[in-house]
Amino acid sequence: MKIDLTETTASKINKALVQGRRTIGTPAIGMVLTLVIVTDEENAYDALKAANEASREHPSRTLVVIKRVSRSPRDRAKARLDAEVRVGADAGTGETVVLRLYGEAINHAQSVVLPLLLPDAPVVVWWPVNAPVDAARDPLGALAQRRVTDMYTAENPLRELAERAEAYSPGDTDLSWTRVTPWRSMLAAALDQLPCKVSEVEVEGEEFNPSVELLAMWLADRLNVPVRRLLSAGPGLTAVRMETDCGPVALDRADGSLATLAMQGQPDRNVALKRRDTAELLAEELRRLDPDDTYASALKYGVDRLGEPERAQTALAARAAESADVPADAGAADAAEGAETKPKAKAPAKKSASKKADSKTDSKAASE
């Protein structure tokens, strides 16, 4: 059921919600939170679709705040509010109110949203795009216990990472961090099986992807070891390789859905590690409303403390080229000596190095 309201007020919107619930025969409110989505007209449809799917797990009242740009000075001086109230099948398992603000009302969005919040229920604010750097100080963000952003949509994700680290407040989180949850779980489980010390880590992924940087910072922060950031064609994260005193541990995902976990002394295993859509990411974030201290620690580690991706891969390619220039006889002698002194598990590391060297060569040819 949909109810359109033009040049309305918050009081009339509340009355329309009550009327809609009575019309469809569900006067009781069974929602657990209020989700406020701050977006533009272009991205409103996708954001609302993701929120409706997430509401199957978290029934909520969804308020979509769309700030419309007025063309003339006269229109910008006026305050106008249009609303679209959706209940029943049109609103997932909760209620949806699409708010379109015009003119002076844009500067007072919090005054429009405040009377529509569910009483005695937590509030989550989500910016699918164009999120403020300091979400906690934003007028709408100040109403919420949790503030969800997405650095993947930023024009410069690396600069965005540094700015969000400086402006972090308890309750802030980002969908770029949520995307690496399966990777963190898989790597933590793998290390729990090996009573070994990690000495070096390589994180491989596409360029300008904040999820790759966040995973690298989390590993560097938790393991207190050097982390090398390598580039690949994607999609997203493609590999994490760790050198331990028990042999290499590698988690490779080349196609964005199925990954291979290789560990010393164990057969390779295929694990499901698919890229999740926005609805799944949002549903995961709505499961917890307390501050994410792990995210805060990884974010504050500092992206500048990681090596330059291009520089790291250039050094790796140079190292592979040097090994390729060794004469065949000398190489055979070194191989024979290495077979006596080193475990056979070092072979996958050489294979990974040559693979990354090929990736660097392809990237250079493409740029030329």
# chains A, B, ... in the order shown; residues from 1 in each chain; ligands from 1
>>> closest_atom_pairs(of="range 144-173 of chain A", to="range 289-299 of chain A", cutoff="9 Å", atoms="only C-alpha atoms", output="CSV")
residue,atom,partner,partner_atom,distance
A:Gln145,CA,A:Leu289,CA,6.7
A:Arg146,CA,A:Leu289,CA,6.1
A:Leu161,CA,A:Leu299,CA,7.3
A:Ala162,CA,A:Leu299,CA,8.1
A:Arg164,CA,A:Leu299,CA,7.9
A:Ala165,CA,A:Leu299,CA,5.6
A:Tyr168,CA,A:Ala296,CA,7.4
A:Ser169,CA,A:Ala296,CA,8.5
A:Pro170,CA,A:Pro291,CA,5.1
A:Gly171,CA,A:Pro291,CA,4.5
A:Asp172,CA,A:Pro291,CA,7.2
A:Thr173,CA,A:Asp292,CA,7.3
>>> residues_around(residues="Leu158 in chain A", least_positions_apart="3", cutoff="9 Å", atoms="only C-alpha atoms", output="number ranges by chain")
A: 151, 161-163, 208-210, 213, 303
>>> closest_atom_pairs(of="range 202-312 of chain A", to="range 56-61 of chain A", cutoff="12 Å", atoms="only C-alpha atoms", output="JSON lines")
{"residue": "A:Ala279", "atom": "CA", "partner": "A:Arg56", "partner_atom": "CA", "distance": 10.2}
{"residue": "A:Glu280", "atom": "CA", "partner": "A:Glu57", "partner_atom": "CA", "distance": 9.9}
{"residue": "A:Leu282", "atom": "CA", "partner": "A:His58", "partner_atom": "CA", "distance": 10.0}
{"residue": "A:Ala283", "atom": "CA", "partner": "A:Glu57", "partner_atom": "CA", "distance": 6.9}
{"residue": "A:Glu284", "atom": "CA", "partner": "A:Glu57", "partner_atom": "CA", "distance": 9.5}
{"residue": "A:Glu285", "atom": "CA", "partner": "A:His58", "partner_atom": "CA", "distance": 10.5}
{"residue": "A:Leu286", "atom": "CA", "partner": "A:His58", "partner_atom": "CA", "distance": 7.3}
{"residue": "A:Arg287", "atom": "CA", "partner": "A:His58", "partner_atom": "CA", "distance": 8.0}
{"residue": "A:Arg288", "atom": "CA", "partner": "A:His58", "partner_atom": "CA", "distance": 11.1}
>>> select_by_dssp(residues="range 182-330 of chain A", states="helix (DSSP H, G or I)", output="PyMOL selection string")
chain A and resi 182-193+210-223+278-285+293-301+303-305+309-324+328-330
>>> closest_residue(among="A:Gly234, A:Gly247, A:Gly103, A:Pro182", to="Ala272 in chain A", atoms="only C-alpha atoms")
A:Pro182
>>> closest_residue(among="A:Val36, A:Ile106, A:Ala83, A:Leu223", to="Ala188 in chain A", atoms="only C-alpha atoms")
A:Leu223
>>> residues_around(residues="Arg68 in chain A", least_positions_apart="4", cutoff="9 Å", atoms="only C-alpha atoms", output="NGL selection string")
:A and (40-41 or 100-103 or 106)
>>> write_last_selection(atoms="N, CA and C atoms", output="PDB file, in the first residue's frame")
ATOM      1  N   ASP A  40      20.751  10.380  -2.690  1.00  0.00           N
ATOM      2  CA  ASP A  40      20.218  11.267  -3.724  1.00  0.00           C
ATOM      3  C   ASP A  40      19.216  10.490  -4.575  1.00  0.00           C
ATOM      4  N   GLU A  41      18.592  11.186  -5.502  1.00  0.00           N
ATOM      5  CA  GLU A  41      17.552  10.562  -6.317  1.00  0.00           C
ATOM      6  C   GLU A  41      18.105   9.444  -7.180  1.00  0.00           C
ATOM      7  N   ARG A 100      11.210  13.648   0.508  1.00  0.00           N
ATOM      8  CA  ARG A 100      11.905  14.505  -0.459  1.00  0.00           C
ATOM      9  C   ARG A 100      11.857  15.937   0.056  1.00  0.00           C
ATOM     10  N   LEU A 101      13.055  16.459   0.335  1.00  0.00           N
ATOM     11  CA  LEU A 101      13.172  17.782   0.938  1.00  0.00           C
ATOM     12  C   LEU A 101      13.579  18.805  -0.119  1.00  0.00           C
ATOM     13  N   TYR A 102      12.952  19.977  -0.054  1.00  0.00           N
ATOM     14  CA  TYR A 102      13.229  21.047  -0.997  1.00  0.00           C
ATOM     15  C   TYR A 102      13.540  22.326  -0.233  1.00  0.00           C
ATOM     16  N   GLY A 103      14.370  23.162  -0.844  1.00  0.00           N
ATOM     17  CA  GLY A 103      14.611  24.490  -0.307  1.00  0.00           C
ATOM     18  C   GLY A 103      15.244  24.476   1.072  1.00  0.00           C
ATOM     19  N   ILE A 106      16.112  21.360   3.422  1.00  0.00           N
ATOM     20  CA  ILE A 106      17.319  20.549   3.269  1.00  0.00           C
ATOM     21  C   ILE A 106      18.276  20.785   4.432  1.00  0.00           C
TER      22      ILE A 106
END
>>> closest_residue(among="A:Gly302, A:Thr238, A:Lys15, A:Ser199", to="Thr260 in chain A", atoms="only C-alpha atoms")
A:Thr238
>>> atom_distance(atom1="CA of Pro235 in chain A", atom2="CA of Asp268 in chain A")
21.9 Å
